[in-house]
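Structure first, commentary second.
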Amino acid sequence: MPASGSKPPTIADVARVAGVSRTTVSHALNGLGKVDPRTRERIKQIALELGYRPNLRAQRLRTGQAKAIALVSSMPFAVAGGPSRLGFYMEVAAAAAESALVHDYALVLVPPVQSGSALYSLDVDGAIVVEPDTDDAAVTQLRGRGLPYVALGRPVAADDDAPYVDLWGEEVATVLLSHLRAQGAGHPALVVGSGSRHSSVDARVAYERMAAEQGWEPIVEAWPETGGEQAAYERCTALLAAHPEIDAVCALVDAFAVGAVRAIQDSGRTIPDDVMVATRYDGLRARTCQPPLTAVDLHLDRAASDAVELLLAGLRGTAVTPAPTAAPAPTLVARASSIRAV
């Protein structure tokens, strides 16, 4: 290790001790060229013993890479902010950042991209887009810059063939609805975002299939994401008035589910005896709601890590097909909002 106050060792120092050229040291440390494996390991050991650290700025200038990837979404703050951001986005970000750092990449967490040029000023090599919608603002900007991206959740635009990690949209809805039915729900309503994100599209498919198979009258509501919890409260109040037979609400967006809980309680009904409630993501909103909400463990840590690996494989030039990578299957987390006394 260099003595305190001395200049840090350089690549020339490593080359001198190893008895090789600086080019060989560079290739050995960066996995480039045809360096004998034993020589490569010896050079790495010498660099470690000397305390050598590569000059990242010089590397970036030489390679043209930023060594950074972005995590982006077009979901509005009304549903992506507050407890949801502290849950969903931070869970994804923490796992993605850890996986990226293993490969010497930094993760840039970008606020929800609605329009404008939020991504044009960022020096990144690629991005992970969380649940892209059709005509997704984040995807549009990434494509405009010619940057590769991987979707976390199935892309829904007809021309979007980006690699993606499947978040089991249809399976999640099936798990939740099957649980509500098992708890006695005879008239479950489905609430989704009014956009076309995979979670909404796939949940509709599951709901309509189950309604046809099991013979209940479908009630599907699509609410704008921009309205958030307060708009969900108002819309659910109207929904309960129009359909008093509803005895369960499966609200995929957690902000909508919390608004629905308030509306149900203010209508004089009790949860779960009169109306059960379930949501998609087992995050902070679901756990701190009163009563706590039944939800699903999406295994976001694994999904985020897989998305990073897919993106970096593409950046390294490894062939990546649009075929999905799937995180572990969703796991139900049943709580008081949907568990009725026998």
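Just so we're on the same page: first chain in the structure tokens is A, next is B, and so on; residues restart at 1 for each chain, and ligands are numbered from 1 in the order they show up.
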- Find the spatial neighbours of stretch 258-268 of chain A, counting only C-alpha atoms, within a cut-off of 10 Å - ignore same-chain residues fewer than 5 positions away - and output them as a PyMOL selection string. chain A and resi 191+228-241+249-251+253+274-279+285-286+288-293+337
- Task: Might you pull out every residue within 12 Å of A:Ala28, with only C-alpha atoms counted and same-chain residues fewer than 6 positions away left off, and present them as a PyMOL selection string?
- Result: chain A and resi 11+14-15+18+20-22+34-47
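Across A:Ala185, A:Met90, A:Gly51, A:Met210, the tightest approach to A:Glu245 is made by A:Ala185 when counting only C-alpha atoms.
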- Query: For A:Ala329, which of A:Arg280, A:Trp168, A:Asp247, A:Thr174 is the closest residue, counting only C-alpha atoms?
  - Reply: A:Trp168
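You can rank A:Ala137, A:Val124, A:Ala96, A:Leu101 by their closest distance to A:Met75 using only C-alpha atoms, and at the top of that list sits A:Ala137.
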- Message: As an exercise, work out the distance from atom CA of A:Ala303 to atom CA of A:Val165 in Å and give it to one decimal place.
- Response: 6.4 Å
